[in-house]
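Novice: Next comes coords_34.txt, compact mmCIF, C-alpha atoms:
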# COMPACT_ATOMS: atom_id res chain seq x y z
CA MET A 231 -18.77 58.55 23.83
CA PRO A 232 -20.68 55.30 23.08
CA ALA A 233 -19.79 52.43 25.40
CA ASP A 234 -19.80 49.90 22.58
CA THR A 235 -16.81 51.33 20.73
CA LEU A 236 -13.06 50.93 20.83
CA THR A 237 -10.86 54.01 20.78
CA VAL A 238 -7.63 53.53 18.85
CA ILE A 239 -4.86 56.11 18.87
CA ASP A 240 -2.29 55.67 16.12
CA ASN A 241 0.99 56.82 17.67
CA ARG A 242 2.51 57.06 14.21
CA THR A 243 0.21 59.91 13.25
CA GLY A 244 -1.45 60.95 16.50
CA LYS A 245 -4.89 60.37 15.00
CA SER A 246 -7.73 58.85 17.04
CA TYR A 247 -10.36 56.41 15.70
CA GLU A 248 -13.65 55.12 17.08
CA ILE A 249 -14.33 51.53 16.03
CA PRO A 250 -17.70 49.86 16.76
CA VAL A 251 -17.74 46.75 18.94
CA ASN A 252 -20.45 44.16 18.22
CA HIS A 253 -20.81 40.86 20.06
CA GLY A 254 -17.40 41.35 21.64
CA ALA A 255 -15.62 41.78 18.29
CA ILE A 256 -14.55 44.51 15.91
CA LYS A 257 -14.63 44.21 12.14
CA ALA A 258 -11.13 43.85 10.81
CA ILE A 259 -12.11 45.95 7.79
CA ASP A 260 -12.74 48.89 10.15
CA LEU A 261 -9.00 49.01 10.78
CA ARG A 262 -8.41 49.76 7.10
CA GLN A 263 -9.18 53.45 7.75
CA ILE A 264 -6.06 53.70 9.91
CA LYS A 265 -3.39 54.93 7.52
CA THR A 266 -0.11 56.84 7.67
CA ASP A 267 -0.73 58.52 4.29
CA PRO A 268 -3.29 58.37 1.46
CA ASP A 269 -1.28 55.73 -0.43
CA ASP A 270 -1.12 53.43 2.61
CA PHE A 271 -3.23 50.25 2.18
CA GLY A 272 -4.46 50.56 5.75
CA LEU A 273 -3.88 48.68 8.97
CA MET A 274 -4.31 44.90 8.93
CA THR A 275 -4.33 42.28 11.67
CA TYR A 276 -1.76 39.49 11.68
CA ASP A 277 -3.13 36.29 13.19
CA PRO A 278 -1.46 33.01 12.12
CA ALA A 279 -3.79 30.01 12.58
CA PHE A 280 -6.70 32.35 13.45
CA THR A 281 -5.98 32.11 17.18
CA ASN A 282 -8.00 35.26 17.91
CA THR A 283 -9.89 35.97 14.71
CA ALA A 284 -13.59 35.21 14.19
CA SER A 285 -14.19 34.48 10.51
CA THR A 286 -17.92 33.97 10.88
CA LYS A 287 -20.98 34.37 13.04
CA SER A 288 -22.57 31.04 13.88
CA ALA A 289 -25.58 29.74 15.79
CA ILE A 290 -24.66 26.04 15.72
CA THR A 291 -22.11 25.12 18.38
CA TYR A 292 -21.16 26.93 21.58
CA ILE A 293 -17.94 26.22 23.43
CA GLU A 294 -16.81 27.82 26.70
CA GLY A 295 -13.33 26.40 27.00
CA ASN A 296 -12.50 27.70 30.46
CA LYS A 297 -15.58 26.00 31.90
CA GLY A 298 -15.54 22.83 29.82
CA ILE A 299 -18.90 23.58 28.14
CA LEU A 300 -20.02 22.21 24.77
CA ARG A 301 -23.53 22.76 23.41
CA TYR A 302 -25.27 22.06 20.11
CA ARG A 303 -27.94 24.67 19.37
CA GLY A 304 -28.09 25.42 23.12
CA TYR A 305 -28.41 21.79 24.28
CA SER A 306 -25.61 20.49 26.48
CA ILE A 307 -23.52 17.66 25.09
CA GLU A 308 -24.13 15.74 28.33
CA GLN A 309 -27.91 15.70 27.83
CA LEU A 310 -27.67 14.82 24.16
CA ALA A 311 -25.24 11.98 24.81
CA GLU A 312 -27.52 10.58 27.51
CA LYS A 313 -30.92 11.01 25.89
CA SER A 314 -30.57 11.54 22.14
CA THR A 315 -29.47 9.53 19.12
CA TYR A 316 -27.05 10.52 16.41
CA LEU A 317 -29.75 11.03 13.77
CA GLU A 318 -31.89 13.10 16.14
CA THR A 319 -28.85 15.21 17.08
CA SER A 320 -28.03 15.57 13.38
CA TYR A 321 -31.49 17.00 12.75
CA LEU A 322 -30.97 19.42 15.63
CA ILE A 323 -27.60 20.58 14.31
CA LEU A 324 -28.91 21.11 10.80
CA PHE A 325 -32.30 22.67 11.50
CA GLY A 326 -31.81 24.28 14.90
CA GLU A 327 -34.58 22.48 16.82
CA LEU A 328 -35.20 18.99 18.11
CA PRO A 329 -37.54 17.16 15.73
CA THR A 330 -41.08 16.08 16.49
CA ALA A 331 -41.80 12.36 16.28
CA ALA A 332 -43.13 12.79 12.73
CA GLN A 333 -40.15 14.89 11.67
CA LEU A 334 -37.68 12.39 13.10
CA GLU A 335 -39.43 9.52 11.36
CA GLN A 336 -39.31 11.31 8.00
CA TRP A 337 -35.70 12.41 8.56
CA THR A 338 -34.63 8.88 9.44
CA TYR A 339 -36.43 7.52 6.37
CA ASN A 340 -34.74 10.02 4.07
CA ILE A 341 -31.27 9.21 5.43
CA THR A 342 -31.87 5.46 5.47
CA HIS A 343 -32.98 5.41 1.83
CA HIS A 344 -29.81 7.08 0.61
CA THR A 345 -27.31 4.59 2.01
CA PHE A 346 -26.60 2.66 -1.20
CA LEU A 347 -23.76 3.65 -3.54
CA HIS A 348 -23.81 3.71 -7.30
CA GLU A 349 -22.13 0.54 -8.58
CA ASN A 350 -19.67 2.65 -10.58
CA LEU A 351 -18.45 4.25 -7.35
CA LYS A 352 -18.08 0.80 -5.83
CA ARG A 353 -15.91 -0.22 -8.77
CA LEU A 354 -13.84 2.93 -8.35
CA MET A 355 -13.17 1.93 -4.74
CA GLU A 356 -12.28 -1.60 -5.81
CA ALA A 357 -9.54 -0.12 -8.02
CA PHE A 358 -7.51 1.07 -5.02
CA ARG A 359 -4.47 -0.93 -3.96
CA TYR A 360 -5.13 -3.66 -1.44
CA ASP A 361 -3.21 -1.70 1.22
CA ALA A 362 -4.72 1.74 0.48
CA HIS A 363 -5.30 3.83 3.58
CA PRO A 364 -9.04 3.89 4.44
CA MET A 365 -9.01 7.66 4.85
CA GLY A 366 -7.47 8.15 1.41
CA MET A 367 -10.21 5.96 -0.06
CA PHE A 368 -12.85 7.88 1.91
CA ILE A 369 -11.67 11.31 0.75
CA SER A 370 -11.41 10.24 -2.89
CA SER A 371 -14.81 8.54 -2.90
CA VAL A 372 -16.60 11.50 -1.31
CA ALA A 373 -15.06 13.80 -3.93
CA ALA A 374 -16.11 11.40 -6.69
CA LEU A 375 -19.75 11.63 -5.59
CA SER A 376 -19.91 15.08 -7.19
CA THR A 377 -19.59 13.44 -10.61
CA PHE A 378 -22.65 11.28 -9.93
CA TYR A 379 -24.87 14.18 -8.85
CA PRO A 380 -24.10 17.16 -11.15
CA GLU A 381 -27.15 19.03 -9.90
CA SER A 382 -25.30 19.43 -6.57
CA HIS A 383 -23.51 22.45 -8.05
CA GLN A 384 -26.76 24.41 -7.62
CA VAL A 385 -25.83 25.27 -4.05
CA ARG A 386 -28.19 28.25 -3.89
CA ASN A 387 -31.22 25.96 -4.30
CA PRO A 388 -32.42 24.82 -0.83
CA GLU A 389 -34.27 21.74 -2.14
CA ILE A 390 -31.25 20.52 -4.08
CA ARG A 391 -29.01 21.22 -1.09
CA LEU A 392 -31.25 19.14 1.15
CA LYS A 393 -31.10 16.20 -1.27
CA GLN A 394 -27.29 16.25 -1.10
CA ILE A 395 -27.48 16.32 2.69
CA TYR A 396 -29.57 13.15 2.69
CA ARG A 397 -27.09 11.55 0.33
CA LEU A 398 -23.96 12.50 2.21
CA ILE A 399 -25.15 11.56 5.69
CA GLY A 400 -26.63 8.34 4.31
CA LYS A 401 -23.66 7.31 2.18
CA VAL A 402 -20.61 8.14 4.30
CA PRO A 403 -21.02 5.05 6.54
CA THR A 404 -21.24 2.89 3.40
CA ILE A 405 -18.11 4.46 1.92
CA ALA A 406 -16.32 4.05 5.24
CA ALA A 407 -17.34 0.42 5.63
CA PHE A 408 -16.36 -0.40 2.05
CA SER A 409 -12.92 1.13 2.62
CA TYR A 410 -12.50 -1.01 5.74
CA ARG A 411 -13.55 -4.21 4.00
CA HIS A 412 -11.23 -3.36 1.11
CA SER A 413 -8.26 -3.05 3.48
CA LYS A 414 -9.09 -6.48 4.92
CA GLY A 415 -9.56 -8.16 1.55
CA LEU A 416 -13.20 -8.89 2.34
CA PRO A 417 -16.22 -8.56 0.04
CA TYR A 418 -18.22 -5.36 0.44
CA VAL A 419 -21.44 -5.66 2.42
CA TYR A 420 -24.47 -3.70 1.21
CA PRO A 421 -26.54 -1.62 3.67
CA ASP A 422 -29.36 -3.15 5.68
CA ASN A 423 -31.97 -0.44 6.04
CA ASP A 424 -33.82 -2.37 8.73
CA LEU A 425 -31.03 -1.48 11.16
CA SER A 426 -30.27 1.79 12.92
CA TYR A 427 -27.72 4.23 11.55
CA THR A 428 -24.87 2.87 13.66
CA GLY A 429 -26.23 -0.68 13.61
CA ASN A 430 -26.16 -0.66 9.82
CA PHE A 431 -22.60 0.67 9.85
CA LEU A 432 -21.47 -2.10 12.20
CA GLY A 433 -23.21 -4.62 9.97
CA MET A 434 -21.42 -3.43 6.85
CA MET A 435 -18.16 -3.65 8.78
CA ASP A 436 -18.57 -7.01 10.50
CA LYS A 437 -21.10 -9.17 8.66
CA MET A 438 -19.74 -12.48 7.40
CA THR A 439 -22.04 -15.46 6.84
CA GLN A 440 -25.02 -14.40 8.94
CA VAL A 441 -28.34 -14.37 7.14
CA LYS A 442 -29.42 -11.41 9.26
CA TYR A 443 -26.80 -9.40 11.13
CA GLN A 444 -27.76 -8.11 14.56
CA PRO A 445 -25.35 -5.66 16.19
CA ASN A 446 -24.49 -5.89 19.85
CA PRO A 447 -26.75 -3.26 21.48
CA VAL A 448 -23.99 -2.02 23.80
CA SER A 449 -21.55 -1.46 20.93
CA GLU A 450 -24.33 0.07 18.82
CA ARG A 451 -25.25 2.57 21.53
CA ALA A 452 -21.62 3.34 22.38
CA LEU A 453 -20.89 4.15 18.76
CA ASP A 454 -24.02 6.30 18.58
CA VAL A 455 -22.80 8.31 21.58
CA LEU A 456 -19.33 8.65 20.08
CA PHE A 457 -20.93 9.91 16.87
CA ILE A 458 -22.91 12.51 18.85
CA LEU A 459 -19.74 13.72 20.55
CA HIS A 460 -17.98 14.20 17.21
CA ALA A 461 -20.89 15.72 15.27
CA ASP A 462 -19.61 19.29 15.37
CA HIS A 463 -17.00 21.33 17.21
CA GLU A 464 -17.21 24.93 16.08
CA GLN A 465 -14.55 26.45 13.78
CA ASN A 466 -11.84 23.79 13.87
CA CYS A 467 -9.41 23.02 11.05
CA GLY A 468 -11.76 20.73 9.09
CA THR A 469 -14.77 23.03 9.49
CA ASN A 470 -12.71 26.03 8.47
CA ALA A 471 -11.69 24.08 5.36
CA MET A 472 -15.33 23.23 4.62
CA ARG A 473 -16.36 26.87 4.86
CA SER A 474 -13.33 28.20 2.97
CA ILE A 475 -13.67 25.76 0.08
CA GLY A 476 -17.44 26.08 0.08
CA SER A 477 -17.18 29.87 -0.16
CA SER A 478 -16.28 29.39 -3.83
CA MET A 479 -19.81 27.93 -4.23
CA VAL A 480 -18.44 24.52 -5.15
CA ASP A 481 -20.65 21.45 -4.60
CA PRO A 482 -20.77 20.01 -1.05
CA TYR A 483 -19.03 16.76 -2.04
CA SER A 484 -15.91 18.59 -3.18
CA ALA A 485 -15.96 20.90 -0.16
CA MET A 486 -16.39 17.99 2.21
CA ALA A 487 -13.54 16.06 0.60
CA GLY A 488 -11.34 19.03 1.48
CA ALA A 489 -12.66 19.09 5.05
CA ALA A 490 -11.99 15.37 5.39
CA ALA A 491 -8.48 15.88 4.03
CA ALA A 492 -7.87 18.39 6.84
CA LEU A 493 -9.17 15.80 9.29
CA TYR A 494 -6.65 13.28 7.92
CA GLY A 495 -3.76 15.08 9.66
CA PRO A 496 -2.31 13.73 12.92
CA LEU A 497 -2.97 17.04 14.69
CA HIS A 498 -6.70 16.78 13.92
CA GLY A 499 -8.49 13.50 13.26
CA GLY A 500 -5.41 11.36 13.83
CA ALA A 501 -4.74 12.57 17.35
CA ASN A 502 -6.26 9.54 19.10
CA GLU A 503 -3.89 7.32 17.12
CA GLU A 504 -0.99 9.26 18.66
CA VAL A 505 -2.47 8.61 22.12
CA LEU A 506 -2.44 4.86 21.50
CA ARG A 507 1.15 5.02 20.34
CA MET A 508 2.08 6.89 23.49
CA LEU A 509 0.31 4.39 25.76
CA ASN A 510 1.96 1.47 23.96
CA GLN A 511 5.30 3.20 24.33
CA ILE A 512 4.77 3.59 28.09
CA GLY A 513 3.90 -0.10 28.23
CA SER A 514 3.13 -0.38 31.94
CA THR A 515 1.78 1.72 34.82
CA SER A 516 5.16 1.36 36.54
CA ASN A 517 6.76 3.32 33.70
CA ILE A 518 4.42 6.31 34.00
CA PRO A 519 6.47 8.37 36.54
CA ALA A 520 9.57 8.16 34.34
CA PHE A 521 7.51 9.11 31.28
CA ILE A 522 6.01 12.10 33.11
CA GLU A 523 9.48 13.34 34.01
CA LYS A 524 10.59 13.08 30.38
CA VAL A 525 7.60 15.14 29.29
CA LYS A 526 8.41 17.82 31.85
CA LYS A 527 11.98 17.96 30.55
CA GLY A 528 10.75 18.45 27.00
CA GLU A 529 11.87 14.96 25.94
CA GLY A 530 8.37 13.75 25.03
CA ARG A 531 4.77 14.83 24.59
CA LEU A 532 1.72 14.00 26.64
CA MET A 533 -0.71 13.16 23.85
CA GLY A 534 -4.45 13.51 24.46
CA PHE A 535 -3.98 16.31 26.99
CA GLY A 536 -4.67 19.95 26.29
CA HIS A 537 -6.76 21.59 23.61
CA ARG A 538 -6.70 24.82 21.60
CA VAL A 539 -10.13 25.73 22.99
CA TYR A 540 -10.62 23.81 26.24
CA LYS A 541 -8.68 25.04 29.27
CA ASN A 542 -10.63 22.66 31.46
CA TYR A 543 -11.62 19.00 31.27
CA ASP A 544 -13.03 18.31 27.80
CA PRO A 545 -16.70 17.40 28.45
CA ARG A 546 -16.56 14.81 25.66
CA ALA A 547 -13.70 13.03 27.41
CA LYS A 548 -15.80 12.70 30.57
CA ILE A 549 -18.65 11.07 28.63
CA ILE A 550 -16.35 8.67 26.79
CA LYS A 551 -14.75 7.67 30.07
CA GLN A 552 -18.20 6.84 31.45
CA ILE A 553 -19.18 4.55 28.57
CA ALA A 554 -15.81 2.79 28.49
CA ASP A 555 -16.75 0.24 31.13
CA GLN A 556 -19.95 -0.67 29.27
CA VAL A 557 -17.97 -1.34 26.11
CA PHE A 558 -15.28 -3.33 27.91
CA ASP A 559 -17.94 -5.57 29.50
CA VAL A 560 -18.66 -6.70 25.93
CA THR A 561 -15.25 -6.55 24.29
CA GLY A 562 -13.02 -7.35 27.22
CA ARG A 563 -10.90 -4.78 29.00
CA ASN A 564 -8.30 -3.03 26.91
CA PRO A 565 -5.04 -3.23 28.92
CA LEU A 566 -4.15 0.26 27.77
CA LEU A 567 -7.06 1.62 29.82
CA ASP A 568 -5.24 0.96 33.10
CA ILE A 569 -2.23 2.90 31.83
CA ALA A 570 -4.49 5.74 30.67
CA LEU A 571 -6.36 5.95 33.98
CA GLU A 572 -3.16 5.99 36.00
CA LEU A 573 -1.55 8.51 33.66
CA GLU A 574 -4.56 10.80 33.95
CA GLN A 575 -4.60 10.52 37.74
CA ILE A 576 -0.91 11.39 38.08
CA ALA A 577 -1.00 14.22 35.51
CA LEU A 578 -4.03 15.90 37.08
CA LYS A 579 -2.22 16.08 40.43
CA ASP A 580 0.99 17.48 39.00
CA ASP A 581 1.35 21.27 39.15
CA TYR A 582 3.31 21.21 35.89
CA PHE A 583 0.23 20.07 33.94
CA VAL A 584 -2.43 21.74 36.11
CA SER A 585 -0.77 25.17 35.86
CA ARG A 586 -0.71 24.79 32.08
CA LYS A 587 -4.37 23.74 32.06
CA LEU A 588 -3.54 20.45 30.36
CA TYR A 589 -6.60 18.25 30.86
CA PRO A 590 -7.67 15.11 28.96
CA ASN A 591 -9.39 15.80 25.66
CA VAL A 592 -11.72 13.67 23.54
CA ASP A 593 -8.83 11.84 21.89
CA PHE A 594 -7.42 10.49 25.15
CA TYR A 595 -10.06 7.78 25.61
CA SER A 596 -11.77 7.49 22.21
CA GLY A 597 -8.92 5.55 20.61
CA ILE A 598 -8.90 3.01 23.43
CA ILE A 599 -12.61 2.32 22.95
CA TYR A 600 -12.34 2.16 19.16
CA GLN A 601 -9.47 -0.30 19.45
CA ALA A 602 -11.42 -2.44 21.92
CA MET A 603 -14.34 -2.52 19.48
CA GLY A 604 -12.04 -3.97 16.83
CA PHE A 605 -11.40 -0.92 14.67
CA PRO A 606 -7.84 -0.72 13.32
CA VAL A 607 -5.84 2.37 14.21
CA GLU A 608 -5.64 3.61 10.63
CA PHE A 609 -9.45 3.66 10.53
CA PHE A 610 -9.80 6.16 13.39
CA PRO A 611 -9.92 9.31 11.20
CA VAL A 612 -12.72 7.73 9.16
CA LEU A 613 -14.68 7.14 12.36
CA PHE A 614 -14.28 10.85 13.03
CA ALA A 615 -15.35 11.88 9.51
CA ILE A 616 -18.62 9.93 9.51
CA PRO A 617 -20.32 11.85 12.34
CA ARG A 618 -18.60 15.15 11.53
CA THR A 619 -20.35 15.11 8.14
CA VAL A 620 -23.48 16.67 9.60
CA GLY A 621 -21.49 19.42 11.32
CA TRP A 622 -19.65 20.25 8.12
CA LEU A 623 -22.92 20.40 6.20
CA ALA A 624 -24.62 22.62 8.79
CA GLN A 625 -21.66 25.00 8.77
CA TRP A 626 -21.64 24.95 4.96
CA ILE A 627 -25.32 25.91 4.75
CA GLU A 628 -24.87 28.63 7.34
CA MET A 629 -21.99 30.05 5.30
CA ILE A 630 -23.99 30.02 2.06
CA GLU A 631 -26.97 31.77 3.65
CA ASP A 632 -24.88 34.39 5.47
CA PRO A 633 -24.98 37.67 3.49
CA ASP A 634 -21.71 38.79 5.10
CA GLN A 635 -19.75 35.90 3.61
CA LYS A 636 -17.73 36.19 0.43
CA ILE A 637 -15.19 33.89 -1.18
CA ALA A 638 -12.40 33.32 1.35
CA ARG A 639 -9.35 35.42 0.56
CA PRO A 640 -7.04 36.13 3.55
CA ARG A 641 -4.55 38.96 3.38
CA GLN A 642 -0.82 38.58 3.86
CA VAL A 643 2.02 40.62 5.29
CA TYR A 644 4.50 40.69 2.41
CA LEU A 645 8.15 40.39 3.49
CA GLY A 646 9.75 39.62 0.13
CA SER A 647 12.02 41.64 -2.11
CA ASP A 648 11.15 45.08 -3.45
CA ILE A 649 11.09 45.58 -7.22
CA ARG A 650 14.15 44.17 -8.99
CA ASP A 651 15.38 44.22 -12.58
CA TYR A 652 15.63 40.96 -14.47
CA VAL A 653 19.24 39.79 -14.89
CA PRO A 654 20.04 37.84 -18.10
CA LEU A 655 21.26 34.31 -17.57
CA GLU A 656 24.80 34.98 -18.87
CA ARG A 657 25.28 37.78 -16.30
CA ARG A 658 24.24 35.83 -13.20
How does the structure come out when it is put into structure tokens?

Specialist:
Amino acid sequence: MPADTLTVIDNRTGKSYEIPVNHGAIKAIDLRQIKTDPDDFGLMTYDPAFTNTASTKSAITYIEGNKGILRYRGYSIEQLAEKSTYLETSYLILFGELPTAAQLEQWTYNITHHTFLHENLKRLMEAFRYDAHPMGMFISSVAALSTFYPESHQVRNPEIRLKQIYRLIGKVPTIAAFSYRHSKGLPYVYPDNDLSYTGNFLGMMDKMTQVKYQPNPVSERALDVLFILHADHEQNCGTNAMRSIGSSMVDPYSAMAGAAAALYGPLHGGANEEVLRMLNQIGSTSNIPAFIEKVKKGEGRLMGFGHRVYKNYDPRAKIIKQIADQVFDVTGRNPLLDIALELEQIALKDDYFVSRKLYPNVDFYSGIIYQAMGFPVEFFPVLFAIPRTVGWLAQWIEMIEDPDQKIARPRQVYLGSDIRDYVPLERR
């Protein structure tokens, strides 16, 4: 008997089946042969939220949750955060290899020269209410881009796909910055292509009367690192949305708007906002023991701890914690940091949390840094969407080029009524 098979015995019929095992997985469709009679549809798997179902094969991001490992294309997140830049990491994620100097220069040029928005899109953004949520503006504007570039529907054409990639990576910081300025009642600031990717974004956010805006190098680098950390994260909710919507062969702008909408939720891109609310609720380090006891009694939640994938310390959280002091030297120390540090220290020594493998995740410290840098809380999901754009696009391309992929169409286990006769209204 081959070692790379799974033997299944159906106790309903007594029949035995040999199912191939490849890369530690079986094909769900192979279970279809297991039937109780010829009219039986065949055995299905039931897996709400895809907790143990692989919907794709991917070569982009590797996560080993029990060991706290995160790699892009084989490169550790620690090395990339220390030595790389966001645009270089973006090239790596999209094309699979680190660029040469010439490739990076051309890549940077192509992104930089697609940062401006069509004036009609700017006017569309200006039509939003003064208090419109920045993420709502972001999602709507990204979707609207598809109407400006109708050729983007030719998703099977690699050259046309690449042009949309330049546009999306180049334009999302501009859309994000415009949505921020709109919420503050400030005039929109056009891109300055002399600046770096993150430097230009900070300029569009902060520039007032300066003739030439120069970003603080510490804030610029910190944001670049944060963007690297958020560039991709395997098959999460937003990425699954990007792949599922994209499987209909829709243009990347429409698919990405759906992915960003998934990111809008408080359980995904809004999680760091919940951390800040929790820290503000605690209010002081002296209140932490009482808060911990409430959590253990089920009377509260410890936000920013635990992760669907990581059962160890989130490697991104470690990196963010390291750059926090550099940011606070510029911005001033966020008082919430002391509460966060003390909370982490107490929780990591408590058997209740350790036994449940509840360790700090990326959201625990990122919100504190974003707040210290002057970003409003409602803008946090947008700060997540900007860097995640490249991950969504890489996953989208991988899906399109994968011959195994078809339009997404999950099965269901039907529990409704059997056939019934219609009852006329007067007899009900």

Novice: Can you work out which one of A:Asn502, A:Thr243, A:Ser413, A:Asn591 has the shortest atom-to-atom distance to Ala362 of chain A, counting only C-alpha atoms?

Specialist: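 Closest residue, counting only C-alpha atoms: A:Ser413.
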
Novice: Between A:Ile249, A:Ile512, A:Phe325, A:Thr281, which is the closest to Leu392 of chain A once you count only C-alpha atoms?

Specialist: A:Phe325

Novice: Would you pick out the contacts of Val448 of chain A at 9 Å or less, using all atoms listed in the file, so that residues sharing its chain but fewer than 4 positions from it are not included, and give the list as JSON, numbers by chain?

Specialist: {"A": [452, 453, 556, 557, 560]}

Novice: From the set A:Glu656, A:Glu628, A:Ile299, A:Phe408, which residue has the shortest atom-to-atom contact distance to Pro388 of chain A, counting all atoms listed in the file?

Specialist: A:Glu628

Novice: Return the single residue from A:Arg531, A:Glu503, A:Met438, A:Val620 that is closest to Ile598 of chain A, with distances computed using only C-alpha atoms.

Specialist: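 Closest to Ile598 of chain A, using only C-alpha atoms: A:Glu503.
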
Novice: Closest to Met435 of chain A among A:Ala570, A:Ala407, A:Ala492, A:Val612, using only C-alpha atoms?

Specialist: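 Residue with the minimum atom-to-atom distance to Met435 of chain A: A:Ala407.
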
Novice: With 12 Å as the cut-off and only C-alpha atoms counted, what is the closest atom pair between each nearby residue of segment 233-328 of chain A and segment 463-482 of chain A? Distances in Å to one decimal, ordered by chain and number, as JSON lines.

Specialist:
{"residue": "A:Ala279", "atom": "CA", "partner": "A:Cys467", "partner_atom": "CA", "distance": 9.1}
{"residue": "A:Phe280", "atom": "CA", "partner": "A:Gln465", "partner_atom": "CA", "distance": 9.8}
{"residue": "A:Thr281", "atom": "CA", "partner": "A:Asn466", "partner_atom": "CA", "distance": 10.7}
{"residue": "A:Asn282", "atom": "CA", "partner": "A:Gln465", "partner_atom": "CA", "distance": 11.7}
{"residue": "A:Thr283", "atom": "CA", "partner": "A:Gln465", "partner_atom": "CA", "distance": 10.6}
{"residue": "A:Ala284", "atom": "CA", "partner": "A:Gln465", "partner_atom": "CA", "distance": 8.8}
{"residue": "A:Ser285", "atom": "CA", "partner": "A:Gln465", "partner_atom": "CA", "distance": 8.7}
{"residue": "A:Thr286", "atom": "CA", "partner": "A:Gln465", "partner_atom": "CA", "distance": 8.7}
{"residue": "A:Lys287", "atom": "CA", "partner": "A:Gln465", "partner_atom": "CA", "distance": 10.2}
{"residue": "A:Ser288", "atom": "CA", "partner": "A:Glu464", "partner_atom": "CA", "distance": 8.4}
{"residue": "A:Ala289", "atom": "CA", "partner": "A:Glu464", "partner_atom": "CA", "distance": 9.7}
{"residue": "A:Ile290", "atom": "CA", "partner": "A:Glu464", "partner_atom": "CA", "distance": 7.5}
{"residue": "A:Thr291", "atom": "CA", "partner": "A:Glu464", "partner_atom": "CA", "distance": 5.4}
{"residue": "A:Tyr292", "atom": "CA", "partner": "A:Glu464", "partner_atom": "CA", "distance": 7.1}
{"residue": "A:Ile293", "atom": "CA", "partner": "A:Glu464", "partner_atom": "CA", "distance": 7.5}
{"residue": "A:Glu294", "atom": "CA", "partner": "A:Glu464", "partner_atom": "CA", "distance": 11.0}
{"residue": "A:Gly295", "atom": "CA", "partner": "A:His463", "partner_atom": "CA", "distance": 11.6}
{"residue": "A:Ile299", "atom": "CA", "partner": "A:His463", "partner_atom": "CA", "distance": 11.3}
{"residue": "A:Leu300", "atom": "CA", "partner": "A:His463", "partner_atom": "CA", "distance": 8.2}
{"residue": "A:Arg301", "atom": "CA", "partner": "A:His463", "partner_atom": "CA", "distance": 9.1}
{"residue": "A:Tyr302", "atom": "CA", "partner": "A:His463", "partner_atom": "CA", "distance": 8.8}
{"residue": "A:Arg303", "atom": "CA", "partner": "A:Glu464", "partner_atom": "CA", "distance": 11.2}
{"residue": "A:Ile307", "atom": "CA", "partner": "A:His463", "partner_atom": "CA", "distance": 10.9}
{"residue": "A:Ile323", "atom": "CA", "partner": "A:His463", "partner_atom": "CA", "distance": 11.0}

Novice: Need to verify the contact set: Thr404 of chain A, 7 Å, all atoms listed in the file, exclusion of same-chain residues closer than 5 positions in sequence. Can you return it as a list in words?

Specialist: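 My reading of the contact set: Thr345, Pro421 and Phe431 of chain A.
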
Novice: How many Å lie between atom CA of Ala577 of chain A and atom CA of Ala311 of chain A, rounded to one decimal?

Specialist: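 These two atoms are separated by 26.6 Å.
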
Novice: Provide an axis-aligned box for all listed atoms of segment 481-486 of chain A, padding each side by 3 Å; report its centre and its edge lengths in Å to one decimal, as lines of an AutoDock Vina configuration file.

Specialist:
center_x = -18.3
center_y = 19.1
center_z = -1.2
size_x = 10.9
size_y = 10.7
size_z = 12.8

Novice: From (-28.2, 22.2, 6.1), in the file's coordinates, out to 7 Å: which residues are reached, counting only C-alpha atoms? Answer as a count of residues only.

Specialist: 7
